[in-house]
file final.cif (mmCIF, N, CA and C atoms)
data_query
#
loop_
_atom_site.label_atom_id
_atom_site.label_comp_id
_atom_site.auth_asym_id
_atom_site.auth_seq_id
_atom_site.Cartn_x
_atom_site.Cartn_y
_atom_site.Cartn_z
N MET N 1 146.41 78.00 9.81
CA MET N 1 145.91 78.33 8.48
C MET N 1 144.69 77.48 8.13
N LYS N 2 144.76 76.21 8.50
CA LYS N 2 143.63 75.31 8.23
C LYS N 2 142.41 75.73 9.04
N THR N 3 142.63 76.18 10.27
CA THR N 3 141.53 76.62 11.13
C THR N 3 140.86 77.85 10.54
N LYS N 4 141.65 78.78 10.00
CA LYS N 4 141.10 79.99 9.40
C LYS N 4 140.23 79.65 8.19
N LYS N 5 140.69 78.72 7.38
CA LYS N 5 139.91 78.33 6.20
C LYS N 5 138.61 77.63 6.63
N TYR N 6 138.69 76.80 7.65
CA TYR N 6 137.50 76.12 8.16
C TYR N 6 136.51 77.14 8.73
N LEU N 7 137.00 78.08 9.51
CA LEU N 7 136.15 79.11 10.09
C LEU N 7 135.50 79.97 9.00
N ALA N 8 136.28 80.33 7.99
CA ALA N 8 135.75 81.12 6.88
C ALA N 8 134.64 80.37 6.15
N THR N 9 134.82 79.07 5.97
CA THR N 9 133.81 78.26 5.29
C THR N 9 132.54 78.15 6.13
N VAL N 10 132.69 77.92 7.42
CA VAL N 10 131.53 77.82 8.31
C VAL N 10 130.77 79.15 8.32
N LEU N 11 131.49 80.26 8.44
CA LEU N 11 130.83 81.57 8.43
C LEU N 11 130.17 81.87 7.10
N LEU N 12 130.80 81.45 6.00
CA LEU N 12 130.22 81.67 4.68
C LEU N 12 128.90 80.92 4.56
N VAL N 13 128.87 79.67 5.01
CA VAL N 13 127.64 78.88 4.94
C VAL N 13 126.57 79.50 5.84
N LEU N 14 126.92 79.86 7.06
CA LEU N 14 125.97 80.46 8.00
C LEU N 14 125.40 81.76 7.44
N THR N 15 126.27 82.62 6.98
CA THR N 15 125.85 83.92 6.46
C THR N 15 124.97 83.75 5.22
N THR N 16 125.39 82.89 4.32
CA THR N 16 124.63 82.68 3.09
C THR N 16 123.25 82.12 3.38
N VAL N 17 123.19 81.14 4.27
CA VAL N 17 121.89 80.56 4.62
C VAL N 17 120.98 81.62 5.23
N MET N 18 121.52 82.43 6.15
CA MET N 18 120.71 83.49 6.77
C MET N 18 120.15 84.46 5.73
N VAL N 19 121.01 84.93 4.85
CA VAL N 19 120.59 85.94 3.87
C VAL N 19 119.64 85.35 2.84
N VAL N 20 119.95 84.15 2.35
CA VAL N 20 119.08 83.52 1.34
C VAL N 20 117.71 83.21 1.94
N LEU N 21 117.67 82.69 3.16
CA LEU N 21 116.37 82.41 3.79
C LEU N 21 115.57 83.70 4.02
N SER N 22 116.25 84.74 4.43
CA SER N 22 115.58 86.03 4.61
C SER N 22 114.99 86.51 3.29
N GLY N 23 115.78 86.42 2.23
CA GLY N 23 115.31 86.82 0.90
C GLY N 23 114.19 85.94 0.39
N LEU N 24 114.29 84.64 0.65
CA LEU N 24 113.26 83.71 0.21
C LEU N 24 111.93 83.99 0.92
N MET N 25 112.00 84.29 2.21
CA MET N 25 110.78 84.60 2.96
C MET N 25 110.09 85.84 2.40
N LYS N 26 110.90 86.82 1.97
CA LYS N 26 110.31 88.02 1.37
C LYS N 26 109.76 87.71 -0.02
N ALA N 27 110.53 86.94 -0.81
CA ALA N 27 110.15 86.66 -2.20
C ALA N 27 108.86 85.85 -2.29
N VAL N 28 108.66 84.91 -1.37
CA VAL N 28 107.42 84.12 -1.40
C VAL N 28 106.32 84.80 -0.59
N GLN N 29 106.62 85.95 -0.05
CA GLN N 29 105.69 86.81 0.67
C GLN N 29 105.01 86.11 1.85
N LEU N 30 105.84 85.53 2.73
CA LEU N 30 105.30 85.00 3.97
C LEU N 30 104.67 86.15 4.74
N PRO N 31 103.47 85.95 5.27
CA PRO N 31 102.75 87.06 5.91
C PRO N 31 103.54 87.80 6.98
N TRP N 32 104.22 87.10 7.87
CA TRP N 32 104.94 87.79 8.93
C TRP N 32 106.16 88.52 8.40
N SER N 33 106.70 88.07 7.27
CA SER N 33 107.84 88.78 6.66
C SER N 33 107.36 90.07 6.00
N VAL N 34 106.25 90.00 5.28
CA VAL N 34 105.70 91.18 4.61
C VAL N 34 105.17 92.16 5.65
N ASN N 35 104.58 91.65 6.74
CA ASN N 35 104.08 92.53 7.81
C ASN N 35 105.22 93.37 8.40
N GLY N 36 106.43 92.81 8.43
CA GLY N 36 107.58 93.57 8.92
C GLY N 36 107.89 94.75 8.02
N LEU N 37 107.57 94.62 6.73
CA LEU N 37 107.83 95.70 5.78
C LEU N 37 106.74 96.77 5.79
N VAL N 38 105.59 96.43 6.34
CA VAL N 38 104.47 97.39 6.38
C VAL N 38 104.85 98.62 7.20
N LYS N 39 105.55 98.42 8.32
CA LYS N 39 105.90 99.57 9.16
C LYS N 39 106.86 100.53 8.46
N PHE N 40 107.52 100.06 7.39
CA PHE N 40 108.42 100.93 6.62
C PHE N 40 107.75 101.40 5.33
N ASN N 41 106.45 101.08 5.18
CA ASN N 41 105.69 101.44 3.99
C ASN N 41 106.26 100.79 2.73
N LEU N 42 106.74 99.53 2.86
CA LEU N 42 107.35 98.81 1.74
C LEU N 42 106.71 97.45 1.46
N PRO N 43 105.45 97.21 1.76
CA PRO N 43 104.91 95.86 1.59
C PRO N 43 104.90 95.38 0.14
N HIS N 44 104.79 96.30 -0.81
CA HIS N 44 104.75 95.91 -2.21
C HIS N 44 106.14 95.70 -2.80
N SER N 45 107.16 95.92 -2.01
CA SER N 45 108.54 95.74 -2.47
C SER N 45 109.14 94.43 -1.99
N ALA N 46 108.35 93.58 -1.34
CA ALA N 46 108.88 92.36 -0.73
C ALA N 46 109.55 91.45 -1.76
N ILE N 47 108.93 91.24 -2.89
CA ILE N 47 109.50 90.33 -3.90
C ILE N 47 110.82 90.87 -4.41
N ALA N 48 110.85 92.14 -4.77
CA ALA N 48 112.09 92.74 -5.30
C ALA N 48 113.21 92.70 -4.26
N LEU N 49 112.88 93.04 -3.01
CA LEU N 49 113.90 93.02 -1.95
C LEU N 49 114.41 91.59 -1.71
N GLY N 50 113.50 90.63 -1.72
CA GLY N 50 113.89 89.24 -1.53
C GLY N 50 114.80 88.73 -2.64
N LEU N 51 114.45 89.05 -3.88
CA LEU N 51 115.28 88.63 -5.01
C LEU N 51 116.65 89.29 -4.98
N MET N 52 116.68 90.55 -4.57
CA MET N 52 117.97 91.24 -4.45
C MET N 52 118.85 90.55 -3.40
N GLU N 53 118.27 90.28 -2.25
CA GLU N 53 119.02 89.62 -1.18
C GLU N 53 119.61 88.30 -1.64
N MET N 54 118.79 87.49 -2.28
CA MET N 54 119.26 86.17 -2.72
C MET N 54 120.33 86.28 -3.81
N THR N 55 120.14 87.20 -4.74
CA THR N 55 121.13 87.39 -5.82
C THR N 55 122.47 87.85 -5.26
N PHE N 56 122.45 88.81 -4.35
CA PHE N 56 123.68 89.32 -3.77
C PHE N 56 124.40 88.24 -2.97
N ALA N 57 123.63 87.40 -2.27
CA ALA N 57 124.23 86.32 -1.49
C ALA N 57 124.91 85.30 -2.40
N VAL N 58 124.26 84.98 -3.53
CA VAL N 58 124.86 84.03 -4.47
C VAL N 58 126.16 84.61 -5.04
N LEU N 59 126.17 85.88 -5.35
CA LEU N 59 127.40 86.52 -5.84
C LEU N 59 128.51 86.45 -4.79
N PHE N 60 128.14 86.57 -3.54
CA PHE N 60 129.11 86.55 -2.44
C PHE N 60 129.75 85.17 -2.25
N ILE N 61 129.06 84.12 -2.63
CA ILE N 61 129.55 82.75 -2.43
C ILE N 61 130.79 82.47 -3.28
N PHE N 62 130.74 82.84 -4.54
CA PHE N 62 131.79 82.45 -5.49
C PHE N 62 132.98 83.39 -5.43
N PRO N 63 134.20 82.84 -5.40
CA PRO N 63 135.41 83.69 -5.29
C PRO N 63 135.52 84.77 -6.37
N LYS N 64 135.14 84.45 -7.61
CA LYS N 64 135.29 85.44 -8.69
C LYS N 64 134.32 86.61 -8.56
N THR N 65 133.19 86.40 -7.91
CA THR N 65 132.20 87.47 -7.78
C THR N 65 132.02 87.91 -6.32
N MET N 66 132.90 87.42 -5.45
CA MET N 66 132.77 87.72 -4.02
C MET N 66 132.84 89.22 -3.74
N ARG N 67 133.72 89.92 -4.40
CA ARG N 67 133.89 91.35 -4.12
C ARG N 67 132.64 92.16 -4.47
N ILE N 68 132.06 91.88 -5.62
CA ILE N 68 130.84 92.62 -5.99
C ILE N 68 129.69 92.20 -5.08
N GLY N 69 129.62 90.92 -4.73
CA GLY N 69 128.60 90.46 -3.79
C GLY N 69 128.76 91.11 -2.44
N PHE N 70 130.00 91.26 -2.00
CA PHE N 70 130.29 91.92 -0.72
C PHE N 70 129.82 93.37 -0.74
N ILE N 71 130.13 94.08 -1.81
CA ILE N 71 129.75 95.49 -1.92
C ILE N 71 128.22 95.62 -1.96
N LEU N 72 127.57 94.80 -2.75
CA LEU N 72 126.11 94.88 -2.87
C LEU N 72 125.42 94.51 -1.55
N LEU N 73 125.89 93.45 -0.89
CA LEU N 73 125.31 93.07 0.40
C LEU N 73 125.54 94.16 1.45
N SER N 74 126.73 94.75 1.44
CA SER N 74 127.02 95.83 2.40
C SER N 74 126.09 97.01 2.17
N CYS N 75 125.89 97.38 0.92
CA CYS N 75 124.99 98.50 0.61
C CYS N 75 123.55 98.16 0.99
N TYR N 76 123.12 96.94 0.70
CA TYR N 76 121.76 96.52 1.00
C TYR N 76 121.49 96.60 2.50
N PHE N 77 122.40 96.00 3.30
CA PHE N 77 122.16 95.98 4.75
C PHE N 77 122.42 97.34 5.40
N ALA N 78 123.30 98.15 4.81
CA ALA N 78 123.47 99.52 5.32
C ALA N 78 122.18 100.31 5.09
N GLY N 79 121.56 100.11 3.95
CA GLY N 79 120.27 100.76 3.68
C GLY N 79 119.19 100.27 4.64
N ALA N 80 119.24 98.98 4.96
CA ALA N 80 118.26 98.44 5.92
C ALA N 80 118.48 99.05 7.31
N ILE N 81 119.74 99.24 7.69
CA ILE N 81 120.04 99.89 8.98
C ILE N 81 119.50 101.32 8.98
N ALA N 82 119.75 102.05 7.89
CA ALA N 82 119.28 103.43 7.80
C ALA N 82 117.75 103.49 7.86
N THR N 83 117.10 102.55 7.20
CA THR N 83 115.63 102.52 7.22
C THR N 83 115.12 102.23 8.62
N GLU N 84 115.74 101.26 9.29
CA GLU N 84 115.35 100.93 10.67
C GLU N 84 115.50 102.16 11.58
N LEU N 85 116.64 102.83 11.47
CA LEU N 85 116.90 103.98 12.33
C LEU N 85 115.94 105.13 12.04
N SER N 86 115.56 105.32 10.80
CA SER N 86 114.66 106.41 10.46
C SER N 86 113.23 106.16 10.92
N HIS N 87 112.92 104.91 11.26
CA HIS N 87 111.58 104.56 11.73
C HIS N 87 111.61 104.09 13.18
N ASP N 88 112.60 104.50 13.92
CA ASP N 88 112.76 104.16 15.34
C ASP N 88 112.74 102.65 15.58
N GLY N 89 113.29 101.92 14.65
CA GLY N 89 113.37 100.46 14.80
C GLY N 89 114.71 100.05 15.38
N SER N 90 114.87 98.76 15.55
CA SER N 90 116.12 98.22 16.06
C SER N 90 117.04 97.92 14.89
N MET N 91 118.22 98.49 14.90
CA MET N 91 119.15 98.24 13.80
C MET N 91 119.86 96.90 13.95
N LEU N 92 119.53 96.16 15.01
CA LEU N 92 120.19 94.89 15.27
C LEU N 92 119.91 93.85 14.19
N ASN N 93 118.67 93.81 13.68
CA ASN N 93 118.33 92.81 12.66
C ASN N 93 119.22 92.89 11.43
N PRO N 94 119.42 94.05 10.80
CA PRO N 94 120.32 94.08 9.66
C PRO N 94 121.80 94.15 10.05
N ALA N 95 122.11 94.57 11.27
CA ALA N 95 123.51 94.70 11.68
C ALA N 95 124.19 93.34 11.89
N ILE N 96 123.42 92.35 12.32
CA ILE N 96 124.00 91.03 12.54
C ILE N 96 124.48 90.40 11.24
N PRO N 97 123.63 90.29 10.20
CA PRO N 97 124.16 89.73 8.95
C PRO N 97 125.27 90.59 8.34
N LEU N 98 125.16 91.91 8.48
CA LEU N 98 126.21 92.77 7.93
C LEU N 98 127.55 92.50 8.61
N SER N 99 127.54 92.34 9.91
CA SER N 99 128.77 92.02 10.65
C SER N 99 129.34 90.68 10.20
N LEU N 100 128.47 89.69 10.05
CA LEU N 100 128.93 88.38 9.59
C LEU N 100 129.50 88.44 8.17
N ILE N 101 128.89 89.25 7.33
CA ILE N 101 129.38 89.41 5.95
C ILE N 101 130.78 90.00 5.96
N TRP N 102 131.00 91.03 6.77
CA TRP N 102 132.32 91.67 6.83
C TRP N 102 133.37 90.72 7.41
N ILE N 103 133.04 90.01 8.46
CA ILE N 103 134.00 89.07 9.06
C ILE N 103 134.33 87.97 8.07
N THR N 104 133.31 87.43 7.41
CA THR N 104 133.53 86.37 6.42
C THR N 104 134.39 86.86 5.27
N ALA N 105 134.10 88.05 4.77
CA ALA N 105 134.88 88.61 3.67
C ALA N 105 136.34 88.80 4.07
N PHE N 106 136.57 89.27 5.30
CA PHE N 106 137.94 89.46 5.77
C PHE N 106 138.68 88.14 5.85
N LEU N 107 138.03 87.11 6.36
CA LEU N 107 138.67 85.81 6.47
C LEU N 107 138.94 85.18 5.10
N ARG N 108 138.08 85.45 4.15
CA ARG N 108 138.26 84.89 2.81
C ARG N 108 139.28 85.66 1.98
N ASP N 109 139.33 86.98 2.14
CA ASP N 109 140.23 87.80 1.32
C ASP N 109 140.58 89.08 2.07
N LYS N 110 141.59 89.00 2.93
CA LYS N 110 141.94 90.16 3.75
C LYS N 110 142.46 91.32 2.92
N TYR N 111 142.89 91.05 1.71
CA TYR N 111 143.44 92.11 0.87
C TYR N 111 142.37 93.08 0.38
N MET N 112 141.10 92.72 0.53
CA MET N 112 140.02 93.67 0.22
C MET N 112 140.06 94.84 1.20
N PHE N 113 140.61 94.61 2.38
CA PHE N 113 140.60 95.61 3.44
C PHE N 113 141.95 96.28 3.66
N VAL N 114 143.04 95.53 3.48
CA VAL N 114 144.36 96.06 3.81
C VAL N 114 145.25 96.31 2.60
N GLY N 115 144.83 95.89 1.43
CA GLY N 115 145.64 96.07 0.23
C GLY N 115 146.60 94.92 0.05
N ALA N 116 146.93 94.66 -1.18
CA ALA N 116 147.85 93.55 -1.50
C ALA N 116 149.27 93.89 -1.06
N PRO N 117 150.04 92.87 -0.69
CA PRO N 117 151.44 93.14 -0.30
C PRO N 117 152.23 93.65 -1.50
N LYS N 118 153.16 94.55 -1.23
CA LYS N 118 153.98 95.14 -2.30
C LYS N 118 155.13 94.20 -2.64
N SER N 119 155.39 94.08 -3.95
CA SER N 119 156.53 93.26 -4.36
C SER N 119 157.82 94.07 -4.21
N VAL N 120 158.85 93.33 -3.93
CA VAL N 120 160.15 93.98 -3.73
C VAL N 120 160.94 93.98 -5.01
#

call {"tool": "encode", "arguments": {"input": "final.cif", "output": "structure tokens"}}
result
Amino acid sequence: MKTKKYLATVLLVLTTVMVVLSGLMKAVQLPWSVNGLVKFNLPHSAIALGLMEMTFAVLFIFPKTMRIGFILLSCYFAGAIATELSHDGSMLNPAIPLSLIWITAFLRDKYMFVGAPKSV
């Protein structure tokens, strides 16, 4: 049980850092980050996308808002996967954080996926 909690914490930190840094790079409009959005015809959306990423990640950190953060992050990265696929890109970039988000959410609150145990 202690190992599961430790693993969940490590994954939460890793996932949060990845997503927040990705959002920060878009929000401050680092040239190579914005250039990645040019191929999707979204260079003027970098700030909004970056702020969304960071906000959703912060919601995911806290237990009381984890569920809404999980849903918003899942939708955000699913949209990124769809955008990548529609432009013949590699869906690996958004799929990695999405996978980590789902694994972390499961380790933190498995009842989001399997339902709460029934009382007798």

call {"tool": "closest_residue", "arguments": {"input": "final.cif", "among": "N:Ala82, N:Ile101, N:Leu42, N:Ala95", "to": "N:Phe70", "atoms": "all atoms listed in the file"}}
result
N:Ile101

call {"tool": "closest_residue", "arguments": {"input": "final.cif", "among": "N:Leu107, N:Ala27, N:Pro94, N:Ser33", "to": "N:Leu51", "atoms": "all atoms listed in the file"}}
result
N:Ala27

call {"tool": "resolve_selection", "arguments": {"input": "final.cif", "expression": "the PyMOL selection byres (((chain N and resi 103 and name CA) around 12) and name CA)", "output": "PDB file with N, CA and C atoms, in the frame of the given file"}}
result
ATOM      1  N   LYS N   4     141.650  78.780  10.000  1.00  0.00           N
ATOM      2  CA  LYS N   4     141.100  79.990   9.400  1.00  0.00           C
ATOM      3  C   LYS N   4     140.230  79.650   8.190  1.00  0.00           C
ATOM      4  N   LEU N   7     137.000  78.080   9.510  1.00  0.00           N
ATOM      5  CA  LEU N   7     136.150  79.110  10.090  1.00  0.00           C
ATOM      6  C   LEU N   7     135.500  79.970   9.000  1.00  0.00           C
ATOM      7  N   ALA N   8     136.280  80.330   7.990  1.00  0.00           N
ATOM      8  CA  ALA N   8     135.750  81.120   6.880  1.00  0.00           C
ATOM      9  C   ALA N   8     134.640  80.370   6.150  1.00  0.00           C
ATOM     10  N   THR N   9     134.820  79.070   5.970  1.00  0.00           N
ATOM     11  CA  THR N   9     133.810  78.260   5.290  1.00  0.00           C
ATOM     12  C   THR N   9     132.540  78.150   6.130  1.00  0.00           C
ATOM     13  N   VAL N  10     132.690  77.920   7.420  1.00  0.00           N
ATOM     14  CA  VAL N  10     131.530  77.820   8.310  1.00  0.00           C
ATOM     15  C   VAL N  10     130.770  79.150   8.320  1.00  0.00           C
ATOM     16  N   LEU N  11     131.490  80.260   8.440  1.00  0.00           N
ATOM     17  CA  LEU N  11     130.830  81.570   8.430  1.00  0.00           C
ATOM     18  C   LEU N  11     130.170  81.870   7.100  1.00  0.00           C
ATOM     19  N   LEU N  12     130.800  81.450   6.000  1.00  0.00           N
ATOM     20  CA  LEU N  12     130.220  81.670   4.680  1.00  0.00           C
ATOM     21  C   LEU N  12     128.900  80.920   4.560  1.00  0.00           C
ATOM     22  N   LEU N  14     126.920  79.860   7.060  1.00  0.00           N
ATOM     23  CA  LEU N  14     125.970  80.460   8.000  1.00  0.00           C
ATOM     24  C   LEU N  14     125.400  81.760   7.440  1.00  0.00           C
ATOM     25  N   THR N  15     126.270  82.620   6.980  1.00  0.00           N
ATOM     26  CA  THR N  15     125.850  83.920   6.460  1.00  0.00           C
ATOM     27  C   THR N  15     124.970  83.750   5.220  1.00  0.00           C
ATOM     28  N   PHE N  70     130.000  91.260  -2.000  1.00  0.00           N
ATOM     29  CA  PHE N  70     130.290  91.920  -0.720  1.00  0.00           C
ATOM     30  C   PHE N  70     129.820  93.370  -0.740  1.00  0.00           C
ATOM     31  N   SER N  74     126.730  94.750   1.440  1.00  0.00           N
ATOM     32  CA  SER N  74     127.020  95.830   2.400  1.00  0.00           C
ATOM     33  C   SER N  74     126.090  97.010   2.170  1.00  0.00           C
ATOM     34  N   ILE N  96     123.420  92.350  12.320  1.00  0.00           N
ATOM     35  CA  ILE N  96     124.000  91.030  12.540  1.00  0.00           C
ATOM     36  C   ILE N  96     124.480  90.400  11.240  1.00  0.00           C
ATOM     37  N   PRO N  97     123.630  90.290  10.200  1.00  0.00           N
ATOM     38  CA  PRO N  97     124.160  89.730   8.950  1.00  0.00           C
ATOM     39  C   PRO N  97     125.270  90.590   8.340  1.00  0.00           C
ATOM     40  N   LEU N  98     125.160  91.910   8.480  1.00  0.00           N
ATOM     41  CA  LEU N  98     126.210  92.770   7.930  1.00  0.00           C
ATOM     42  C   LEU N  98     127.550  92.500   8.610  1.00  0.00           C
ATOM     43  N   SER N  99     127.540  92.340   9.910  1.00  0.00           N
ATOM     44  CA  SER N  99     128.770  92.020  10.650  1.00  0.00           C
ATOM     45  C   SER N  99     129.340  90.680  10.200  1.00  0.00           C
ATOM     46  N   LEU N 100     128.470  89.690  10.050  1.00  0.00           N
ATOM     47  CA  LEU N 100     128.930  88.380   9.590  1.00  0.00           C
ATOM     48  C   LEU N 100     129.500  88.440   8.170  1.00  0.00           C
ATOM     49  N   ILE N 101     128.890  89.250   7.330  1.00  0.00           N
ATOM     50  CA  ILE N 101     129.380  89.410   5.950  1.00  0.00           C
ATOM     51  C   ILE N 101     130.780  90.000   5.960  1.00  0.00           C
ATOM     52  N   TRP N 102     131.000  91.030   6.770  1.00  0.00           N
ATOM     53  CA  TRP N 102     132.320  91.670   6.830  1.00  0.00           C
ATOM     54  C   TRP N 102     133.370  90.720   7.410  1.00  0.00           C
ATOM     55  N   THR N 104     133.310  87.430   7.410  1.00  0.00           N
ATOM     56  CA  THR N 104     133.530  86.370   6.420  1.00  0.00           C
ATOM     57  C   THR N 104     134.390  86.860   5.270  1.00  0.00           C
ATOM     58  N   ALA N 105     134.100  88.050   4.770  1.00  0.00           N
ATOM     59  CA  ALA N 105     134.880  88.610   3.670  1.00  0.00           C
ATOM     60  C   ALA N 105     136.340  88.800   4.070  1.00  0.00           C
ATOM     61  N   PHE N 106     136.570  89.270   5.300  1.00  0.00           N
ATOM     62  CA  PHE N 106     137.940  89.460   5.770  1.00  0.00           C
ATOM     63  C   PHE N 106     138.680  88.140   5.850  1.00  0.00           C
ATOM     64  N   LEU N 107     138.030  87.110   6.360  1.00  0.00           N
ATOM     65  CA  LEU N 107     138.670  85.810   6.470  1.00  0.00           C
ATOM     66  C   LEU N 107     138.940  85.180   5.100  1.00  0.00           C
ATOM     67  N   ARG N 108     138.080  85.450   4.150  1.00  0.00           N
ATOM     68  CA  ARG N 108     138.260  84.890   2.810  1.00  0.00           C
ATOM     69  C   ARG N 108     139.280  85.660   1.980  1.00  0.00           C
ATOM     70  N   ASP N 109     139.330  86.980   2.140  1.00  0.00           N
ATOM     71  CA  ASP N 109     140.230  87.800   1.320  1.00  0.00           C
ATOM     72  C   ASP N 109     140.580  89.080   2.070  1.00  0.00           C
ATOM     73  N   LYS N 110     141.590  89.000   2.930  1.00  0.00           N
ATOM     74  CA  LYS N 110     141.940  90.160   3.750  1.00  0.00           C
ATOM     75  C   LYS N 110     142.460  91.320   2.920  1.00  0.00           C
ATOM     76  N   MET N 112     141.100  92.720   0.530  1.00  0.00           N
ATOM     77  CA  MET N 112     140.020  93.670   0.220  1.00  0.00           C
ATOM     78  C   MET N 112     140.060  94.840   1.200  1.00  0.00           C
ATOM     79  N   PHE N 113     140.610  94.610   2.380  1.00  0.00           N
ATOM     80  CA  PHE N 113     140.600  95.610   3.440  1.00  0.00           C
ATOM     81  C   PHE N 113     141.950  96.280   3.660  1.00  0.00           C
TER      82      PHE N 113
END

call {"tool": "select_by_dssp", "arguments": {"input": "final.cif", "residues": "chain N", "states": "helix (DSSP H, G or I)", "output": "PyMOL selection string"}}
result
chain N and resi 2-27+31-38+43-61+63-86+92-108+111-114

call {"tool": "residues_around", "arguments": {"input": "final.cif", "residues": "N:Phe60", "least_positions_apart": "3", "cutoff": "8 Å", "atoms": "all atoms listed in the file", "output": "list of chain:residue names"}}
result
N:Leu12, N:Thr16, N:Met54, N:Thr55, N:Phe56, N:Ala57, N:Pro63, N:Lys64, N:Thr65, N:Met66, N:Arg67, N:Ile68, N:Gly69, N:Phe70, N:Ile71, N:Leu73

call {"tool": "build_atoms", "arguments": {"input": "final.cif", "residues": "stretch 9-21 of chain N", "atoms": "N, CA, C and O atoms", "output": "CSV table (one decimal), keeping the file's coordinate frame"}}
result
chain,number,residue,atom,x,y,z
N,9,THR,N,134.8,79.1,6.0
N,9,THR,CA,133.8,78.3,5.3
N,9,THR,C,132.5,78.2,6.1
N,9,THR,O,131.4,78.3,5.6
N,10,VAL,N,132.7,77.9,7.4
N,10,VAL,CA,131.5,77.8,8.3
N,10,VAL,C,130.8,79.2,8.3
N,10,VAL,O,129.5,79.2,8.2
N,11,LEU,N,131.5,80.3,8.4
N,11,LEU,CA,130.8,81.6,8.4
N,11,LEU,C,130.2,81.9,7.1
N,11,LEU,O,129.1,82.5,7.1
N,12,LEU,N,130.8,81.4,6.0
N,12,LEU,CA,130.2,81.7,4.7
N,12,LEU,C,128.9,80.9,4.6
N,12,LEU,O,127.9,81.5,4.1
N,13,VAL,N,128.9,79.7,5.0
N,13,VAL,CA,127.6,78.9,4.9
N,13,VAL,C,126.6,79.5,5.8
N,13,VAL,O,125.4,79.7,5.4
N,14,LEU,N,126.9,79.9,7.1
N,14,LEU,CA,126.0,80.5,8.0
N,14,LEU,C,125.4,81.8,7.4
N,14,LEU,O,124.2,82.0,7.4
N,15,THR,N,126.3,82.6,7.0
N,15,THR,CA,125.8,83.9,6.5
N,15,THR,C,125.0,83.8,5.2
N,15,THR,O,123.9,84.4,5.1
N,16,THR,N,125.4,82.9,4.3
N,16,THR,CA,124.6,82.7,3.1
N,16,THR,C,123.2,82.1,3.4
N,16,THR,O,122.3,82.6,2.8
N,17,VAL,N,123.2,81.1,4.3
N,17,VAL,CA,121.9,80.6,4.6
N,17,VAL,C,121.0,81.6,5.2
N,17,VAL,O,119.8,81.7,4.9
N,18,MET,N,121.5,82.4,6.2
N,18,MET,CA,120.7,83.5,6.8
N,18,MET,C,120.2,84.5,5.7
N,18,MET,O,119.0,84.8,5.7
N,19,VAL,N,121.0,84.9,4.8
N,19,VAL,CA,120.6,85.9,3.9
N,19,VAL,C,119.6,85.4,2.8
N,19,VAL,O,118.6,86.0,2.5
N,20,VAL,N,120.0,84.2,2.4
N,20,VAL,CA,119.1,83.5,1.3
N,20,VAL,C,117.7,83.2,1.9
N,20,VAL,O,116.7,83.5,1.3
N,21,LEU,N,117.7,82.7,3.2
N,21,LEU,CA,116.4,82.4,3.8
N,21,LEU,C,115.6,83.7,4.0
N,21,LEU,O,114.4,83.7,3.8
